[in-house]
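Here is the file target.cif (mmCIF, C-alpha atoms (C1' of nucleotides)).
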```
data_my_file
#
loop_
_atom_site.label_atom_id
_atom_site.label_comp_id
_atom_site.auth_asym_id
_atom_site.auth_seq_id
_atom_site.Cartn_x
_atom_site.Cartn_y
_atom_site.Cartn_z
CA MET R 1 129.01 204.32 132.87
CA THR R 2 126.05 205.62 134.86
CA VAL R 3 122.88 204.05 136.21
CA ASP R 4 120.99 206.20 133.70
CA GLU R 5 122.84 204.69 130.77
CA ILE R 6 122.27 201.20 132.11
CA CYS R 7 118.56 201.82 132.65
CA SER R 8 117.89 203.42 129.29
CA ASN R 9 119.60 200.58 127.47
CA ALA R 10 117.78 198.03 129.62
CA LEU R 11 114.49 199.77 128.81
CA ARG R 12 115.18 199.53 125.09
CA LEU R 13 115.93 195.83 125.40
CA MET R 14 112.75 195.27 127.41
CA ASP R 15 110.71 197.17 124.84
CA GLU R 16 112.17 195.00 122.12
CA ALA R 17 112.16 191.59 123.75
CA GLY R 18 110.50 191.70 127.16
CA PRO R 19 112.06 190.90 130.52
CA GLU R 20 113.29 187.46 129.40
CA GLY R 21 114.90 189.10 126.38
CA LEU R 22 116.93 191.31 128.68
CA SER R 23 120.12 189.64 129.88
CA MET R 24 122.83 191.13 132.02
CA ARG R 25 125.44 189.73 129.66
CA GLY R 26 123.73 191.04 126.55
CA LEU R 27 123.22 194.44 128.16
CA ALA R 28 126.89 194.60 129.13
CA ALA R 29 127.90 193.67 125.59
CA GLU R 30 125.81 196.54 124.20
CA LEU R 31 127.50 198.90 126.63
CA GLY R 32 130.92 197.52 125.64
CA VAL R 33 131.68 196.46 129.18
CA ASN R 34 132.33 193.38 131.25
CA PRO R 35 129.10 191.74 132.45
CA MET R 36 130.25 191.98 136.05
CA SER R 37 130.77 195.73 135.89
CA LEU R 38 127.00 196.17 135.97
CA TYR R 39 126.90 194.76 139.47
CA HIS R 40 128.82 197.77 140.75
CA HIS R 41 125.85 199.96 139.82
CA VAL R 42 122.92 197.64 140.30
CA PRO R 43 122.55 194.81 142.83
CA SER R 44 120.77 192.29 140.56
CA LYS R 45 118.81 191.81 137.36
CA GLU R 46 115.56 191.89 139.30
CA ALA R 47 116.54 195.18 140.93
CA LEU R 48 117.52 196.59 137.54
CA ILE R 49 114.12 195.71 136.09
CA GLY R 50 112.57 197.31 139.16
CA LEU R 51 114.51 200.50 138.48
CA VAL R 52 113.45 200.50 134.84
CA CYS R 53 109.82 199.98 135.81
CA SER R 54 109.90 202.81 138.36
CA ARG R 55 111.42 205.18 135.85
CA VAL R 56 108.87 204.32 133.20
CA ALA R 57 106.02 204.69 135.69
CA GLU R 58 107.31 208.16 136.64
CA ARG R 59 107.23 209.27 133.03
CA VAL R 60 103.54 208.94 132.21
CA PRO R 61 102.48 212.38 130.94
CA LEU R 62 99.73 213.13 133.44
CA PRO R 63 97.00 215.72 132.95
CA SER R 64 96.87 218.49 135.53
CA ASP R 65 93.62 219.99 136.79
CA ASP R 66 92.52 222.37 134.04
CA GLY R 67 89.05 222.90 135.43
CA ALA R 68 87.44 220.52 132.97
CA PRO R 69 84.65 218.20 134.19
CA TRP R 70 85.95 215.15 136.03
CA GLN R 71 84.55 212.89 133.31
CA ASP R 72 86.83 214.53 130.74
CA GLN R 73 89.82 214.46 133.05
CA LEU R 74 89.25 210.79 133.80
CA ALA R 75 89.10 210.03 130.09
CA GLU R 76 92.26 212.06 129.49
CA LEU R 77 94.07 210.24 132.28
CA ALA R 78 93.01 206.83 131.03
CA LEU R 79 94.06 207.68 127.49
CA ALA R 80 97.51 208.80 128.70
CA TYR R 81 97.78 205.49 130.53
CA LEU R 82 96.80 203.51 127.43
CA ARG R 83 99.23 205.38 125.18
CA HIS R 84 102.12 204.94 127.57
CA ALA R 85 101.42 201.24 127.98
CA GLN R 86 101.29 200.87 124.20
CA ALA R 87 104.75 202.45 124.02
CA HIS R 88 106.15 200.12 126.73
CA PRO R 89 103.90 197.06 126.87
CA ALA R 90 106.44 194.68 128.41
CA VAL R 91 107.28 197.11 131.21
CA TRP R 92 103.66 197.70 132.17
CA ALA R 93 102.85 194.01 131.98
CA TYR R 94 105.80 193.37 134.28
CA ILE R 95 104.70 196.07 136.72
CA HIS R 96 101.27 194.52 137.05
CA SER R 97 102.42 190.96 137.43
CA HIS R 98 104.98 191.94 140.09
CA PRO R 99 102.99 193.76 142.77
CA GLU R 100 105.89 193.48 145.19
CA LEU R 101 108.15 195.50 142.90
CA ILE R 102 106.31 198.81 142.96
CA GLU R 103 103.79 200.04 145.45
CA ASP R 104 100.96 200.56 142.99
CA ARG R 105 99.09 203.01 145.13
CA ARG R 106 102.09 205.34 145.16
CA LEU R 107 102.36 205.55 141.40
CA PRO R 108 101.96 209.09 140.04
CA ILE R 109 99.10 207.81 137.94
CA ARG R 110 97.32 206.70 141.11
CA ASN R 111 97.70 210.13 142.69
CA THR R 112 96.12 211.70 139.65
CA LEU R 113 93.33 209.14 139.66
CA ASP R 114 92.59 209.95 143.30
CA ARG R 115 92.55 213.66 142.51
CA VAL R 116 90.01 213.16 139.72
CA LEU R 117 87.87 210.91 141.91
CA ARG R 118 87.76 213.55 144.63
CA LEU R 119 86.67 215.95 141.91
CA ALA R 120 83.88 213.48 141.13
CA GLY R 121 82.71 213.70 144.72
CA VAL R 122 84.09 210.40 146.01
CA THR R 123 85.05 210.96 149.61
CA GLY R 124 87.00 209.60 152.53
CA PRO R 125 87.01 205.87 153.12
CA GLU R 126 85.34 205.10 149.78
CA LEU R 127 88.07 206.85 147.86
CA ARG R 128 90.69 204.15 148.28
CA ARG R 129 88.35 201.31 147.38
CA THR R 130 86.94 203.10 144.36
CA SER R 131 90.42 203.99 143.22
CA ASP R 132 91.59 200.39 143.56
CA VAL R 133 88.61 198.99 141.70
CA LEU R 134 88.81 201.47 138.86
CA TYR R 135 92.53 201.09 138.47
CA ALA R 136 92.23 197.29 138.37
CA LEU R 137 89.47 197.45 135.78
CA VAL R 138 91.16 199.95 133.47
CA THR R 139 94.50 198.18 133.83
CA GLY R 140 92.93 195.03 132.44
CA PHE R 141 91.90 196.85 129.33
CA VAL R 142 95.17 198.76 128.99
CA ILE R 143 97.40 195.70 129.33
CA THR R 144 95.23 193.70 126.98
CA ALA R 145 95.23 196.46 124.38
CA ALA R 146 98.94 197.25 124.76
CA GLN R 147 99.85 193.67 123.98
CA GLY R 148 97.85 193.69 120.77
CA HIS R 149 95.42 191.29 122.39
CA LEU R 150 92.40 193.06 120.92
CA PRO R 151 91.25 192.65 117.33
CA GLY R 152 91.21 195.56 114.89
CA GLY R 153 93.50 198.52 114.41
CA GLN R 154 94.23 201.48 116.63
CA ASP R 155 90.93 203.12 115.66
CA GLU R 156 88.89 200.18 116.79
CA ILE R 157 90.89 199.85 120.02
CA ASP R 158 90.30 203.53 120.76
CA ARG R 159 86.59 203.11 120.15
CA ASP R 160 86.48 200.06 122.44
CA PHE R 161 88.40 202.06 125.02
CA GLY R 162 85.82 204.81 124.74
CA THR R 163 83.07 202.26 125.27
CA ALA R 164 84.78 200.90 128.36
CA LEU R 165 85.34 204.39 129.74
CA ARG R 166 81.74 205.51 129.26
CA LEU R 167 80.66 202.35 131.04
CA ILE R 168 82.96 203.12 133.94
CA VAL R 169 82.17 206.82 134.09
CA SER R 170 78.46 206.12 134.25
CA GLY R 171 79.13 203.59 136.97
CA VAL R 172 81.17 206.07 139.01
CA ALA R 173 78.52 208.72 138.52
CA GLY R 174 75.98 206.21 139.83
CA LEU R 175 77.96 205.75 143.05
CA SER R 176 77.32 209.24 144.32
CA MET Q 177 105.31 158.52 131.81
CA THR Q 178 102.35 160.26 130.16
CA VAL Q 179 101.69 163.81 129.01
CA ASP Q 180 99.07 164.01 131.76
CA GLU Q 181 101.63 163.23 134.45
CA ILE Q 182 104.02 165.79 133.00
CA CYS Q 183 101.34 168.48 132.83
CA SER Q 184 99.94 167.94 136.29
CA ASN Q 185 103.40 168.11 137.83
CA ALA Q 186 104.23 171.18 135.74
CA LEU Q 187 101.00 172.81 136.91
CA ARG Q 188 101.91 172.20 140.53
CA LEU Q 189 105.33 173.76 139.99
CA MET Q 190 103.77 176.77 138.25
CA ASP Q 191 101.27 177.20 141.06
CA GLU Q 192 104.12 177.15 143.54
CA ALA Q 193 106.74 179.23 141.78
CA GLY Q 194 105.40 180.67 138.55
CA PRO Q 195 106.68 180.01 135.01
CA GLU Q 196 110.27 180.94 135.88
CA GLY Q 197 110.11 178.55 138.82
CA LEU Q 198 109.29 175.72 136.45
CA SER Q 199 112.38 174.15 134.91
CA MET Q 200 112.56 171.16 132.60
CA ARG Q 201 115.39 169.76 134.66
CA GLY Q 202 113.61 170.25 137.97
CA LEU Q 203 110.41 168.77 136.56
CA ALA Q 204 112.32 165.73 135.29
CA ALA Q 205 113.95 165.29 138.69
CA GLU Q 206 110.54 165.28 140.38
CA LEU Q 207 109.39 162.63 137.93
CA GLY Q 208 112.54 160.62 138.56
CA VAL Q 209 113.54 160.77 134.94
CA ASN Q 210 116.24 162.10 132.66
CA PRO Q 211 115.63 165.74 131.67
CA MET Q 212 115.77 164.83 128.00
CA SER Q 213 113.04 162.20 128.29
CA LEU Q 214 110.51 165.03 128.56
CA TYR Q 215 111.30 166.08 125.01
CA HIS Q 216 109.83 162.83 123.69
CA HIS Q 217 106.43 163.92 124.98
CA VAL Q 218 106.59 167.70 124.65
CA PRO Q 219 108.47 169.77 122.04
CA SER Q 220 109.70 172.56 124.33
CA LYS Q 221 109.23 174.29 127.67
CA GLU Q 222 107.12 176.97 126.04
CA ALA Q 223 104.87 174.34 124.45
CA LEU Q 224 104.57 172.58 127.81
CA ILE Q 225 103.46 175.79 129.50
CA GLY Q 226 101.00 176.25 126.66
CA LEU Q 227 99.58 172.79 127.30
CA VAL Q 228 99.30 173.49 131.02
CA CYS Q 229 97.53 176.80 130.36
CA SER Q 230 95.07 175.20 127.94
CA ARG Q 231 94.23 172.47 130.40
CA VAL Q 232 93.69 174.94 133.22
CA ALA Q 233 91.54 177.15 131.01
CA GLU Q 234 89.37 174.14 130.10
CA ARG Q 235 88.72 173.38 133.75
CA VAL Q 236 86.95 176.56 134.86
CA PRO Q 237 83.66 175.37 136.36
CA LEU Q 238 81.25 177.30 134.15
CA PRO Q 239 77.60 177.99 134.99
CA SER Q 240 75.04 176.62 132.55
CA ASP Q 241 71.85 178.46 131.65
CA ASP Q 242 69.52 177.84 134.59
CA GLY Q 243 66.97 180.41 133.53
CA ALA Q 244 68.21 183.00 136.01
CA PRO Q 245 68.39 186.68 134.95
CA TRP Q 246 71.46 187.47 132.86
CA GLN Q 247 72.74 189.78 135.59
CA ASP Q 248 72.93 186.88 138.01
CA GLN Q 249 74.49 184.58 135.46
CA LEU Q 250 77.10 187.20 134.61
CA ALA Q 251 77.96 187.57 138.28
CA GLU Q 252 78.16 183.82 138.69
CA LEU Q 253 80.45 183.52 135.67
CA ALA Q 254 82.72 186.29 136.86
CA LEU Q 255 82.94 184.79 140.33
CA ALA Q 256 83.89 181.40 138.88
CA TYR Q 257 86.60 183.17 136.88
CA LEU Q 258 87.91 184.97 139.97
CA ARG Q 259 87.95 181.81 142.09
CA HIS Q 260 89.78 179.82 139.42
CA ALA Q 261 92.36 182.56 138.93
CA GLN Q 262 92.91 182.71 142.67
CA ALA Q 263 93.62 178.98 142.62
CA HIS Q 264 96.08 179.30 139.71
CA PRO Q 265 97.28 182.91 139.62
CA ALA Q 266 100.54 182.29 137.76
CA VAL Q 267 98.82 180.32 135.02
CA TRP Q 268 96.17 182.97 134.39
CA ALA Q 269 98.71 185.76 134.48
CA TYR Q 270 100.74 183.85 131.92
CA ILE Q 271 97.71 183.28 129.70
CA HIS Q 272 96.97 186.98 129.61
CA SER Q 273 100.51 188.12 128.94
CA HIS Q 274 100.94 185.59 126.14
CA PRO Q 275 98.09 186.27 123.73
CA GLU Q 276 99.79 184.18 121.06
CA LEU Q 277 99.62 181.07 123.23
CA ILE Q 278 95.88 180.66 123.48
CA GLU Q 279 93.20 182.12 121.27
CA ASP Q 280 91.35 183.98 123.99
CA ARG Q 281 88.10 184.19 122.14
CA ARG Q 282 87.93 180.39 121.95
CA LEU Q 283 88.25 179.89 125.67
CA PRO Q 284 85.26 178.11 127.21
CA ILE Q 285 84.84 181.08 129.50
CA ARG Q 286 84.42 183.32 126.46
CA ASN Q 287 81.72 181.10 124.99
CA THR Q 288 79.80 181.34 128.22
CA LEU Q 289 80.28 185.10 128.34
CA ASP Q 290 78.87 185.40 124.82
CA ARG Q 291 75.91 183.25 125.76
CA VAL Q 292 75.11 185.49 128.75
CA LEU Q 293 75.51 188.63 126.67
CA ARG Q 294 73.06 187.30 124.08
CA LEU Q 295 70.72 186.68 126.99
CA ALA Q 296 71.19 190.35 127.88
CA GLY Q 297 70.04 191.32 124.42
CA VAL Q 298 73.39 192.17 122.88
CA THR Q 299 73.17 191.22 119.24
CA GLY Q 300 75.16 190.53 116.09
CA PRO Q 301 78.15 192.72 115.36
CA GLU Q 302 78.11 194.40 118.78
CA LEU Q 303 78.42 191.06 120.53
CA ARG Q 304 82.07 190.52 119.77
CA ARG Q 305 83.13 194.02 120.74
CA THR Q 306 81.12 194.01 123.95
CA SER Q 307 82.50 190.59 124.82
CA ASP Q 308 86.08 191.74 124.22
CA VAL Q 309 85.66 194.91 126.27
CA LEU Q 310 83.99 193.18 129.19
CA TYR Q 311 86.48 190.35 129.24
CA ALA Q 312 89.41 192.78 129.21
CA LEU Q 313 87.90 194.82 132.04
CA VAL Q 314 87.05 191.90 134.28
CA THR Q 315 90.37 190.22 133.56
CA GLY Q 316 92.15 193.26 134.94
CA PHE Q 317 90.35 192.90 138.21
CA VAL Q 318 90.70 189.13 138.34
CA ILE Q 319 94.44 189.10 137.68
CA THR Q 320 95.02 191.93 140.13
CA ALA Q 321 93.00 190.20 142.83
CA ALA Q 322 94.45 186.75 142.16
CA GLN Q 323 97.96 188.04 142.72
CA GLY Q 324 97.07 189.50 146.07
CA HIS Q 325 97.48 192.94 144.56
CA LEU Q 326 94.44 194.32 146.36
CA PRO Q 327 94.40 195.33 150.01
CA GLY Q 328 92.26 193.57 152.56
CA GLY Q 329 91.20 189.96 152.96
CA GLN Q 330 88.99 187.75 150.84
CA ASP Q 331 85.86 189.46 152.15
CA GLU Q 332 87.00 192.88 151.06
CA ILE Q 333 88.12 191.58 147.67
CA ASP Q 334 84.74 189.96 147.15
CA ARG Q 335 83.00 193.20 148.07
CA ASP Q 336 85.20 195.16 145.66
CA PHE Q 337 84.48 192.56 143.02
CA GLY Q 338 80.79 193.02 143.64
CA THR Q 339 81.21 196.78 143.25
CA ALA Q 340 83.03 196.32 139.96
CA LEU Q 341 80.41 193.89 138.70
CA ARG Q 342 77.47 196.15 139.54
CA LEU Q 343 79.26 198.94 137.73
CA ILE Q 344 79.71 196.75 134.65
CA VAL Q 345 76.22 195.27 134.74
CA SER Q 346 74.65 198.70 134.89
CA GLY Q 347 76.86 199.74 132.01
CA VAL Q 348 75.83 196.75 129.90
CA ALA Q 349 72.19 197.35 130.72
CA GLY Q 350 72.68 200.93 129.54
CA LEU Q 351 73.91 199.73 126.16
CA SER Q 352 70.58 198.27 125.08
"C1'" DA S 353 109.10 154.07 120.36
"C1'" DC S 354 111.23 155.53 124.35
"C1'" DC S 355 115.05 156.70 127.28
"C1'" DT S 356 119.89 158.16 128.26
"C1'" DG S 357 124.65 160.74 128.79
"C1'" DA S 358 127.51 163.94 126.97
"C1'" DA S 359 127.83 168.21 125.09
"C1'" DC S 360 126.62 173.08 123.42
"C1'" DA S 361 125.38 177.59 124.08
"C1'" DC S 362 123.61 180.18 127.04
"C1'" DC S 363 122.12 182.31 131.93
"C1'" DG S 364 122.79 185.22 136.85
"C1'" DT S 365 126.04 185.81 140.21
"C1'" DT S 366 130.40 185.28 143.53
"C1'" DC S 367 134.92 186.10 144.37
"C1'" DA S 368 139.64 187.25 144.24
"C1'" DA S 369 142.52 190.11 141.77
"C1'" DG S 370 143.76 194.09 139.48
"C1'" DT S 371 143.90 199.75 138.67
"C1'" DA A 372 135.81 203.30 143.75
"C1'" DC A 373 135.50 200.92 139.63
"C1'" DC A 374 136.51 197.27 136.47
"C1'" DT A 375 138.02 192.53 135.14
"C1'" DG A 376 138.61 187.19 134.30
"C1'" DA A 377 137.81 182.90 136.02
"C1'" DA A 378 134.66 180.12 138.06
"C1'" DC A 379 130.17 178.20 140.04
"C1'" DA A 380 125.72 176.60 139.65
"C1'" DC A 381 122.34 176.67 136.98
"C1'" DC A 382 119.33 176.88 132.35
"C1'" DG A 383 116.94 174.87 127.52
"C1'" DT A 384 118.04 172.02 123.95
"C1'" DT A 385 120.67 168.93 120.24
"C1'" DC A 386 122.54 164.80 119.02
"C1'" DA A 387 124.33 160.30 118.80
"C1'" DA A 388 123.86 156.18 121.14
"C1'" DG A 389 121.56 152.76 123.50
"C1'" DT A 390 117.11 149.34 124.52
#
```
Reformat the file's structure so that it appears as structure tokens.
Amino acid sequence: MTVDEICSNALRLMDEAGPEGLSMRGLAAELGVNPMSLYHHVPSKEALIGLVCSRVAERVPLPSDDGAPWQDQLAELALAYLRHAQAHPAVWAYIHSHPELIEDRRLPIRNTLDRVLRLAGVTGPELRRTSDVLYALVTGFVITAAQGHLPGGQDEIDRDFGTALRLIVSGVAGLS
Amino acid sequence: MTVDEICSNALRLMDEAGPEGLSMRGLAAELGVNPMSLYHHVPSKEALIGLVCSRVAERVPLPSDDGAPWQDQLAELALAYLRHAQAHPAVWAYIHSHPELIEDRRLPIRNTLDRVLRLAGVTGPELRRTSDVLYALVTGFVITAAQGHLPGGQDEIDRDFGTALRLIVSGVAGLS
DNA sequence: ACCTGAACACCGTTCAAGT
DNA sequence: ACCTGAACACCGTTCAAGT
């Protein structure tokens, strides 16, 4: 039994039933193992969830710089974020309600956001603040949408997302 | 023992330790009562948290229409939202990760938002969508800030909040 | 109506013992 | 090193019994 096996099963349980739906005993049962065996690979349930969250956050398919305008790259990045959160809503909700678990600003998605913002001409000391503000704003939409908190189907959500993005892009453009 | 007493004590526990920190047994102990007595006033822990959330959401001090420009009223509303979430971060985080608990669009804060948007000239079918998008965006910032997820002190958070609001206001103005 | 104690079916985790 | 069973200290909740 490896940490990978434990994490991938834990992820599935979190996707199905959220963090409260994940229990060490239930997870052990699925792995056909004594509940206490898990503690030889992982120090606690909280740490396990932290591991799962880190792994999920590493796996967002991020756009690389293809020379497209920053507006397009920002939209592509945000869409990747939305899609990934829709695939793992409980994990992303957990990440954002447990700031101590993961250093947000070190997330791969944040590095990409900073890259795109530099492309947009945001410089030096303003970069961090702009990045924080944008990430907080978009996260609100993403978490809300991922939890089915918005009315309408996927089409309507995507259109609303487009609306929000245009609003933000025009705001960022207005900064410089 | 009244439902009010139960809820106000439950709110204090949630403010201190979040929803997981609130236990029926611990709450009963604080009230000097048998754990099972609570179930004669409240059907379950989940329902109790729902009650607490509803009561908190009703108590946001909302600005009334004082004839000021809609931009100012929107800023005032958003600031009231931020301040209230900072006073009860766990409750607001819970509200927004449990869409089934409270019908968001019926929240008093949403009625006020709609009123301000009508003031801004947003009409008919676009009103609901714009309201949903704006609320989702601002909520992201508010939850993030309320959980201390942003760097810097209150001053810096307020400045970032102002930045986000100007961005959104200019976007809304661009819609019409 | 309201409160209670005992009990049930769960948790996460510690610890001593096994291989 | 890795796994196990028993045990501890908790949970939310049901139920029958009290007043």
Chain fit, chain Q moved to chain R over all Cα pairs in order, as a compact mmCIF listing (two decimals) with C-alpha atoms, keeping the file's coordinate frame:
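Output file result-v1.txt follows:
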```
# COMPACT_ATOMS: atom_id res chain seq x y z
CA MET Q 177 129.04 204.31 132.87
CA THR Q 178 126.06 205.64 134.85
CA VAL Q 179 122.89 204.07 136.21
CA ASP Q 180 120.99 206.21 133.70
CA GLU Q 181 122.86 204.69 130.77
CA ILE Q 182 122.28 201.20 132.12
CA CYS Q 183 118.56 201.82 132.64
CA SER Q 184 117.90 203.42 129.29
CA ASN Q 185 119.62 200.58 127.47
CA ALA Q 186 117.77 198.03 129.62
CA LEU Q 187 114.49 199.77 128.80
CA ARG Q 188 115.20 199.54 125.10
CA LEU Q 189 115.94 195.83 125.41
CA MET Q 190 112.74 195.28 127.41
CA ASP Q 191 110.72 197.19 124.85
CA GLU Q 192 112.18 195.01 122.13
CA ALA Q 193 112.14 191.59 123.75
CA GLY Q 194 110.48 191.70 127.14
CA PRO Q 195 112.06 190.89 130.53
CA GLU Q 196 113.29 187.47 129.40
CA GLY Q 197 114.89 189.11 126.38
CA LEU Q 198 116.93 191.31 128.68
CA SER Q 199 120.11 189.64 129.88
CA MET Q 200 122.85 191.12 132.03
CA ARG Q 201 125.44 189.72 129.67
CA GLY Q 202 123.73 191.03 126.55
CA LEU Q 203 123.22 194.43 128.16
CA ALA Q 204 126.90 194.58 129.13
CA ALA Q 205 127.90 193.66 125.58
CA GLU Q 206 125.80 196.52 124.19
CA LEU Q 207 127.51 198.88 126.61
CA GLY Q 208 130.90 197.51 125.63
CA VAL Q 209 131.67 196.45 129.15
CA ASN Q 210 132.33 193.38 131.25
CA PRO Q 211 129.10 191.72 132.45
CA MET Q 212 130.24 191.97 136.05
CA SER Q 213 130.79 195.73 135.88
CA LEU Q 214 127.01 196.16 135.95
CA TYR Q 215 126.91 194.76 139.46
CA HIS Q 216 128.83 197.78 140.76
CA HIS Q 217 125.87 199.97 139.81
CA VAL Q 218 122.92 197.63 140.30
CA PRO Q 219 122.54 194.79 142.83
CA SER Q 220 120.78 192.27 140.57
CA LYS Q 221 118.81 191.80 137.36
CA GLU Q 222 115.56 191.90 139.28
CA ALA Q 223 116.54 195.18 140.94
CA LEU Q 224 117.51 196.59 137.54
CA ILE Q 225 114.12 195.71 136.10
CA GLY Q 226 112.57 197.32 139.16
CA LEU Q 227 114.52 200.51 138.49
CA VAL Q 228 113.47 200.50 134.84
CA CYS Q 229 109.81 199.99 135.80
CA SER Q 230 109.91 202.81 138.35
CA ARG Q 231 111.44 205.19 135.85
CA VAL Q 232 108.88 204.32 133.20
CA ALA Q 233 106.03 204.69 135.68
CA GLU Q 234 107.31 208.16 136.64
CA ARG Q 235 107.24 209.29 133.03
CA VAL Q 236 103.54 208.94 132.22
CA PRO Q 237 102.49 212.37 130.95
CA LEU Q 238 99.73 213.12 133.45
CA PRO Q 239 97.00 215.73 132.96
CA SER Q 240 96.85 218.50 135.54
CA ASP Q 241 93.60 219.99 136.79
CA ASP Q 242 92.51 222.37 134.04
CA GLY Q 243 89.04 222.91 135.43
CA ALA Q 244 87.43 220.51 132.97
CA PRO Q 245 84.63 218.19 134.17
CA TRP Q 246 85.94 215.14 136.03
CA GLN Q 247 84.56 212.88 133.30
CA ASP Q 248 86.82 214.51 130.75
CA GLN Q 249 89.80 214.46 133.05
CA LEU Q 250 89.24 210.78 133.79
CA ALA Q 251 89.12 210.03 130.08
CA GLU Q 252 92.25 212.06 129.49
CA LEU Q 253 94.07 210.23 132.28
CA ALA Q 254 93.02 206.83 131.03
CA LEU Q 255 94.07 207.68 127.49
CA ALA Q 256 97.50 208.80 128.70
CA TYR Q 257 97.79 205.48 130.53
CA LEU Q 258 96.81 203.51 127.43
CA ARG Q 259 99.22 205.40 125.17
CA HIS Q 260 102.12 204.95 127.58
CA ALA Q 261 101.42 201.24 127.97
CA GLN Q 262 101.29 200.87 124.21
CA ALA Q 263 104.74 202.45 124.03
CA HIS Q 264 106.14 200.14 126.73
CA PRO Q 265 103.90 197.06 126.88
CA ALA Q 266 106.44 194.69 128.42
CA VAL Q 267 107.29 197.11 131.21
CA TRP Q 268 103.66 197.70 132.18
CA ALA Q 269 102.84 194.02 132.00
CA TYR Q 270 105.79 193.36 134.29
CA ILE Q 271 104.70 196.06 136.73
CA HIS Q 272 101.27 194.52 137.05
CA SER Q 273 102.44 190.94 137.46
CA HIS Q 274 104.98 191.94 140.10
CA PRO Q 275 103.00 193.76 142.77
CA GLU Q 276 105.91 193.46 145.19
CA LEU Q 277 108.15 195.50 142.91
CA ILE Q 278 106.32 198.79 142.96
CA GLU Q 279 103.78 200.03 145.46
CA ASP Q 280 100.97 200.58 142.99
CA ARG Q 281 99.09 203.02 145.12
CA ARG Q 282 102.10 205.35 145.15
CA LEU Q 283 102.37 205.55 141.40
CA PRO Q 284 101.97 209.08 140.05
CA ILE Q 285 99.11 207.80 137.94
CA ARG Q 286 97.31 206.71 141.10
CA ASN Q 287 97.69 210.13 142.69
CA THR Q 288 96.12 211.70 139.65
CA LEU Q 289 93.32 209.13 139.66
CA ASP Q 290 92.57 209.95 143.30
CA ARG Q 291 92.54 213.65 142.52
CA VAL Q 292 90.00 213.13 139.72
CA LEU Q 293 87.85 210.90 141.89
CA ARG Q 294 87.75 213.55 144.62
CA LEU Q 295 86.66 215.94 141.90
CA ALA Q 296 83.86 213.47 141.13
CA GLY Q 297 82.71 213.69 144.72
CA VAL Q 298 84.08 210.40 146.00
CA THR Q 299 85.04 210.97 149.60
CA GLY Q 300 87.01 209.61 152.54
CA PRO Q 301 87.01 205.88 153.10
CA GLU Q 302 85.33 205.09 149.78
CA LEU Q 303 88.07 206.85 147.86
CA ARG Q 304 90.68 204.16 148.28
CA ARG Q 305 88.35 201.31 147.38
CA THR Q 306 86.93 203.09 144.36
CA SER Q 307 90.43 203.99 143.22
CA ASP Q 308 91.60 200.38 143.56
CA VAL Q 309 88.61 198.98 141.70
CA LEU Q 310 88.80 201.47 138.86
CA TYR Q 311 92.53 201.09 138.47
CA ALA Q 312 92.24 197.29 138.36
CA LEU Q 313 89.47 197.46 135.76
CA VAL Q 314 91.16 199.95 133.47
CA THR Q 315 94.50 198.19 133.83
CA GLY Q 316 92.93 195.04 132.44
CA PHE Q 317 91.91 196.85 129.32
CA VAL Q 318 95.17 198.76 128.99
CA ILE Q 319 97.40 195.70 129.33
CA THR Q 320 95.22 193.70 126.97
CA ALA Q 321 95.23 196.47 124.38
CA ALA Q 322 98.93 197.25 124.76
CA GLN Q 323 99.85 193.68 123.96
CA GLY Q 324 97.86 193.70 120.77
CA HIS Q 325 95.43 191.31 122.39
CA LEU Q 326 92.40 193.06 120.92
CA PRO Q 327 91.24 192.67 117.34
CA GLY Q 328 91.22 195.55 114.91
CA GLY Q 329 93.52 198.52 114.44
CA GLN Q 330 94.23 201.50 116.64
CA ASP Q 331 90.93 203.12 115.68
CA GLU Q 332 88.89 200.16 116.82
CA ILE Q 333 90.89 199.85 120.04
CA ASP Q 334 90.31 203.52 120.77
CA ARG Q 335 86.59 203.10 120.15
CA ASP Q 336 86.47 200.07 122.45
CA PHE Q 337 88.40 202.04 125.02
CA GLY Q 338 85.85 204.81 124.74
CA THR Q 339 83.06 202.27 125.26
CA ALA Q 340 84.77 200.91 128.36
CA LEU Q 341 85.35 204.39 129.73
CA ARG Q 342 81.75 205.51 129.25
CA LEU Q 343 80.66 202.36 131.02
CA ILE Q 344 82.97 203.13 133.95
CA VAL Q 345 82.16 206.83 134.10
CA SER Q 346 78.45 206.13 134.23
CA GLY Q 347 79.12 203.60 136.96
CA VAL Q 348 81.15 206.08 139.01
CA ALA Q 349 78.50 208.73 138.54
CA GLY Q 350 75.97 206.20 139.83
CA LEU Q 351 77.94 205.75 143.03
CA SER Q 352 77.31 209.26 144.33
```
Compile the residues of chain Q that lie within 10 Å of chain R, evaluated using only C-alpha atoms, and express the compilation as JSON, numbers by chain. {"Q": [196, 265, 266, 269, 270, 272, 273, 274, 275, 276, 279, 280, 281, 304, 305, 306, 308, 309, 310, 311, 312, 313, 314, 315, 316, 317, 318, 319, 320, 321, 323, 324, 325, 326, 327, 332, 333, 335, 336, 337, 339, 340, 341, 342, 343, 344, 345, 346, 347, 348, 349, 350, 351]}
With all atoms listed in the file counted and 12 Å as the cut-off, give the residues of chain Q in contact with chain A, each with its shortest interatomic distance in Å and the pair that gives it, as a Markdown table.
```
| residue | atom | partner | partner_atom | distance |
| --- | --- | --- | --- | --- |
| Q:Glu196 | CA | A:DC382 | C1' | 10.5 |
| Q:Gly197 | CA | A:DC382 | C1' | 11.4 |
| Q:Leu198 | CA | A:DC382 | C1' | 10.9 |
| Q:Ser199 | CA | A:DC382 | C1' | 7.9 |
| Q:Met200 | CA | A:DG383 | C1' | 7.7 |
| Q:Arg201 | CA | A:DC382 | C1' | 8.5 |
| Q:Gly202 | CA | A:DC382 | C1' | 10.4 |
| Q:Pro211 | CA | A:DG383 | C1' | 10.1 |
| Q:Met212 | CA | A:DT384 | C1' | 8.6 |
| Q:Ser213 | CA | A:DT384 | C1' | 11.8 |
| Q:Leu214 | CA | A:DT384 | C1' | 11.3 |
| Q:Tyr215 | CA | A:DT384 | C1' | 9.0 |
| Q:Pro219 | CA | A:DT384 | C1' | 10.0 |
| Q:Ser220 | CA | A:DG383 | C1' | 8.2 |
| Q:Lys221 | CA | A:DG383 | C1' | 7.7 |
| Q:Glu222 | CA | A:DG383 | C1' | 10.2 |
```
